[in-house]
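To be precise, the following lines are entry_25.txt, and they hold compact mmCIF, C-alpha atoms.
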# COMPACT_ATOMS: atom_id res chain seq x y z
CA MET A 1 58.24 -81.37 -150.09
CA ASP A 2 61.18 -81.71 -147.71
CA ALA A 3 61.37 -84.18 -144.80
CA ASP A 4 60.33 -81.60 -142.19
CA ALA A 5 57.26 -80.62 -144.15
CA ARG A 6 56.32 -84.30 -144.53
CA GLU A 7 56.63 -84.79 -140.74
CA VAL A 8 54.42 -81.77 -140.08
CA ALA A 9 51.87 -83.08 -142.59
CA ARG A 10 51.92 -86.55 -140.95
CA PHE A 11 51.49 -84.95 -137.52
CA GLY A 12 48.52 -82.94 -138.79
CA GLN A 13 46.92 -85.99 -140.40
CA HIS A 14 47.30 -88.09 -137.27
CA LEU A 15 46.02 -85.26 -135.08
CA THR A 16 43.00 -84.90 -137.35
CA ALA A 17 42.38 -88.65 -137.21
CA ILE A 18 42.28 -88.71 -133.39
CA GLN A 19 39.98 -85.70 -132.93
CA ARG A 20 36.95 -87.85 -132.13
CA GLN A 21 38.93 -89.87 -129.57
CA LEU A 22 40.17 -86.69 -127.92
CA PHE A 23 36.66 -85.26 -127.85
CA VAL A 24 35.28 -88.40 -126.18
CA TYR A 25 38.15 -88.38 -123.68
CA VAL A 26 37.70 -84.71 -122.76
CA THR A 27 33.91 -85.05 -122.61
CA GLN A 28 34.23 -87.92 -120.16
CA LEU A 29 36.47 -85.82 -117.94
CA LEU A 30 34.27 -82.73 -118.03
CA GLY A 31 30.81 -84.22 -118.44
CA ARG A 32 29.56 -81.53 -120.82
CA THR A 33 30.08 -81.45 -124.57
CA ALA A 34 30.04 -77.63 -124.66
CA ASP A 35 32.94 -77.55 -122.20
CA ALA A 36 34.70 -80.31 -124.13
CA ASP A 37 34.46 -78.29 -127.36
CA ASP A 38 36.19 -75.35 -125.67
CA VAL A 39 38.90 -77.49 -124.11
CA LEU A 40 39.52 -79.45 -127.31
CA GLN A 41 40.31 -76.21 -129.12
CA ASP A 42 42.86 -75.41 -126.43
CA VAL A 43 44.30 -78.94 -126.61
CA ASN A 44 44.81 -78.63 -130.37
CA ARG A 45 46.43 -75.22 -129.96
CA VAL A 46 48.85 -76.56 -127.33
CA LEU A 47 49.67 -79.64 -129.40
CA TRP A 48 50.60 -77.47 -132.36
CA GLU A 49 52.54 -75.04 -130.17
CA LYS A 50 54.50 -77.94 -128.69
CA TYR A 51 54.92 -79.79 -131.99
CA ALA A 52 58.72 -79.38 -131.78
CA GLU A 53 58.67 -81.40 -128.53
CA PHE A 54 56.94 -84.37 -130.20
CA THR A 55 59.19 -87.20 -131.32
CA PRO A 56 57.96 -88.69 -134.62
CA GLY A 57 57.31 -92.40 -134.32
CA THR A 58 56.16 -92.15 -130.69
CA ASN A 59 52.55 -92.42 -129.55
CA LEU A 60 50.83 -89.17 -130.50
CA THR A 61 47.53 -90.32 -128.99
CA ALA A 62 49.06 -90.90 -125.55
CA TRP A 63 50.80 -87.53 -125.72
CA ALA A 64 47.57 -85.83 -126.78
CA TYR A 65 45.69 -87.45 -123.88
CA LYS A 66 48.30 -86.12 -121.46
CA VAL A 67 48.03 -82.61 -122.91
CA ALA A 68 44.22 -82.90 -122.79
CA TYR A 69 44.35 -83.97 -119.14
CA PHE A 70 46.37 -80.89 -118.20
CA GLU A 71 44.13 -78.63 -120.27
CA VAL A 72 41.09 -80.08 -118.44
CA LEU A 73 42.79 -79.25 -115.12
CA ARG A 74 43.51 -75.71 -116.33
CA TYR A 75 39.93 -75.30 -117.57
CA ARG A 76 38.54 -76.53 -114.26
CA LYS A 77 40.53 -73.90 -112.39
CA THR A 78 38.85 -71.20 -114.47
CA LYS A 79 35.44 -72.67 -113.64
CA VAL A 80 35.76 -72.88 -109.84
CA ARG A 81 32.31 -71.37 -109.41
CA ASP A 82 30.62 -74.37 -111.02
CA ARG A 83 28.71 -76.52 -108.54
CA LEU A 84 29.86 -79.93 -109.75
CA ARG A 85 33.59 -80.28 -109.22
CA PHE A 86 35.73 -83.35 -108.94
CA GLY A 87 38.93 -83.37 -106.95
CA GLU A 88 42.17 -83.92 -108.83
CA ASP A 89 42.38 -87.51 -107.51
CA THR A 90 38.93 -88.27 -108.89
CA LEU A 91 39.80 -86.60 -112.17
CA ALA A 92 42.96 -88.73 -112.45
CA VAL A 93 40.86 -91.89 -112.00
CA LEU A 94 38.36 -90.67 -114.61
CA ALA A 95 41.22 -89.91 -117.00
CA ALA A 96 42.64 -93.41 -116.62
CA GLU A 97 39.23 -94.90 -117.38
CA ALA A 98 38.36 -92.49 -120.18
CA ALA A 99 41.31 -93.26 -122.46
CA PRO A 100 40.32 -96.90 -123.14
CA VAL A 101 36.71 -95.82 -123.79
CA ALA A 102 37.86 -93.21 -126.29
CA ASP A 103 40.18 -95.75 -127.93
CA ALA A 104 37.36 -98.30 -128.17
CA GLU A 105 35.10 -95.66 -129.73
CA SER A 106 37.77 -95.03 -132.34
CA ALA A 107 38.17 -98.77 -132.99
CA ARG A 108 34.39 -99.07 -133.52
CA ARG A 109 34.44 -96.24 -136.05
CA VAL A 110 37.36 -97.77 -137.94
CA ALA A 111 35.66 -101.18 -137.95
CA LEU A 112 32.38 -99.67 -139.16
CA ARG A 113 34.18 -97.79 -141.94
CA GLU A 114 35.93 -100.99 -143.05
CA CYS A 115 32.69 -102.99 -142.86
CA LEU A 116 30.88 -100.36 -144.92
CA ASP A 117 33.60 -100.67 -147.55
CA LYS A 118 32.98 -104.43 -147.72
CA LEU A 119 29.27 -104.05 -148.47
CA PRO A 120 27.96 -104.49 -152.01
CA ALA A 121 27.66 -101.10 -153.70
CA ASP A 122 23.82 -101.02 -153.62
CA ASP A 123 23.70 -101.83 -149.89
CA ARG A 124 26.39 -99.24 -149.10
CA ASP A 125 24.52 -96.66 -151.19
CA LEU A 126 21.24 -97.42 -149.39
CA VAL A 127 22.78 -97.15 -145.91
CA THR A 128 24.79 -94.00 -146.61
CA LYS A 129 21.83 -92.24 -148.20
CA ARG A 130 19.60 -93.12 -145.24
CA TYR A 131 21.92 -92.62 -142.28
CA LEU A 132 24.55 -90.18 -143.49
CA GLY A 133 22.40 -88.31 -145.98
CA GLY A 134 19.23 -88.32 -143.88
CA VAL A 135 17.08 -89.38 -146.84
CA GLU A 136 13.61 -90.52 -145.77
CA VAL A 137 12.56 -94.11 -146.43
CA ARG A 138 9.72 -93.07 -148.74
CA ASP A 139 12.22 -91.13 -150.87
CA LEU A 140 14.62 -94.09 -150.88
CA ALA A 141 11.76 -96.32 -152.01
CA ARG A 142 11.12 -94.04 -154.97
CA PHE A 143 14.84 -93.73 -155.76
CA PHE A 144 15.48 -97.49 -155.65
CA ARG A 145 12.07 -98.30 -157.19
CA ARG A 146 11.06 -100.51 -154.27
CA SER A 147 8.24 -100.50 -151.77
CA GLU A 148 8.83 -98.79 -148.43
CA LYS A 149 8.48 -102.18 -146.76
CA ALA A 150 11.23 -103.60 -148.97
CA VAL A 151 13.50 -100.66 -148.09
CA TYR A 152 12.89 -101.19 -144.36
CA ARG A 153 13.70 -104.90 -144.76
CA ALA A 154 16.86 -104.11 -146.73
CA LEU A 155 17.98 -101.57 -144.13
CA ALA A 156 17.40 -104.08 -141.33
CA ARG A 157 19.36 -106.74 -143.22
CA VAL A 158 22.29 -104.40 -143.91
CA ARG A 159 22.33 -103.10 -140.31
CA GLY A 160 22.47 -106.71 -139.11
CA ALA A 161 25.32 -107.50 -141.48
CA LEU A 162 27.21 -104.38 -140.36
CA LEU A 163 26.67 -105.24 -136.70
CA GLU A 164 28.07 -108.75 -137.19
CA CYS A 165 31.00 -107.44 -139.21
CA VAL A 166 31.87 -104.78 -136.60
CA ARG A 167 31.54 -107.29 -133.75
CA GLY A 168 33.84 -109.69 -135.60
CA ALA A 169 36.42 -106.99 -136.30
CA LEU A 170 36.40 -105.82 -132.67
CA ALA A 171 36.62 -109.39 -131.37
CA ALA A 172 39.63 -109.97 -133.61
CA GLU A 173 41.28 -106.98 -131.87
CA GLY A 174 40.22 -108.20 -128.43
CA LEU A 175 37.63 -105.43 -128.03
CA ARG A 176 33.87 -105.45 -127.63
Take the structure in the file and give it back as structure tokens.
Amino acid sequence: MDADAREVARFGQHLTAIQRQLFVYVTQLLGRTADADDVLQDVNRVLWEKYAEFTPGTNLTAWAYKVAYFEVLRYRKTKVRDRLRFGEDTLAVLAAEAAPVADAESARRVALRECLDKLPADDRDLVTKRYLGGVEVRDLARFFRRSEKAVYRALARVRGALLECVRGALAAEGLR
């Protein structure tokens, strides 16, 4: 793989990693997740179209927020018939406040992922089966050969440990 292909791959990986942040940012500007889904598709298209303008090593997230802001403005112009409309000044204020919220959301997700990795394997397995897999507590009790009450207690203990770990990680970064 040549250097250009590696840069494109890095760009794609970073863009993929910030999708949730961008979605939160756009949702805060538009107020509706359905609208945010539409705009986010346009944002991604524009980012790829303008890839040649991006300087590797600079802040892709900041650039993506700027593109998203302009795509929100463009989207709003197509929706002039909607009853709830913010002026451009109000939208600029919302945009300035939305970026830190989206960044904090991303920091929470990273911290949670790292904290999950630190859990003992059995605790991580229990939590991921319950909350990511949607497995019911009664089924977990059978799987782990425990009572339902013991599973509830274990889940509460692990949630508490994760909460403390995430809070500690965010505090270390100066976030809440």
Checklist entry - Neighbours of range 32-41 of chain A within 9 Å (all atoms listed in the file; same-chain residues fewer than 5 positions away dropped), as an MDAnalysis selection string? => result chainID A and resid 19 22:27 46 68 71:72 75
Checklist entry - At what distance in Å, to one decimal, does CA of Leu119 in chain A lie from CA of Ala172 in chain A? => result 19.1 Å
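Rounded to one decimal, CA of Ala107 in chain A and CA of Leu170 in chain A lie 7.3 Å from each other.
Between Phe54 in chain A and the residues A:Glu114, A:Glu136, A:Asp42, A:Glu7, the shortest atom-to-atom distance, using only C-alpha atoms, involves A:Glu7.
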Checklist entry - Restricting the calculation to only C-alpha atoms, which member of A:Leu73, A:Val43, A:Leu116, A:Leu15 is positioned closest to Leu163 in chain A? => result A:Leu116
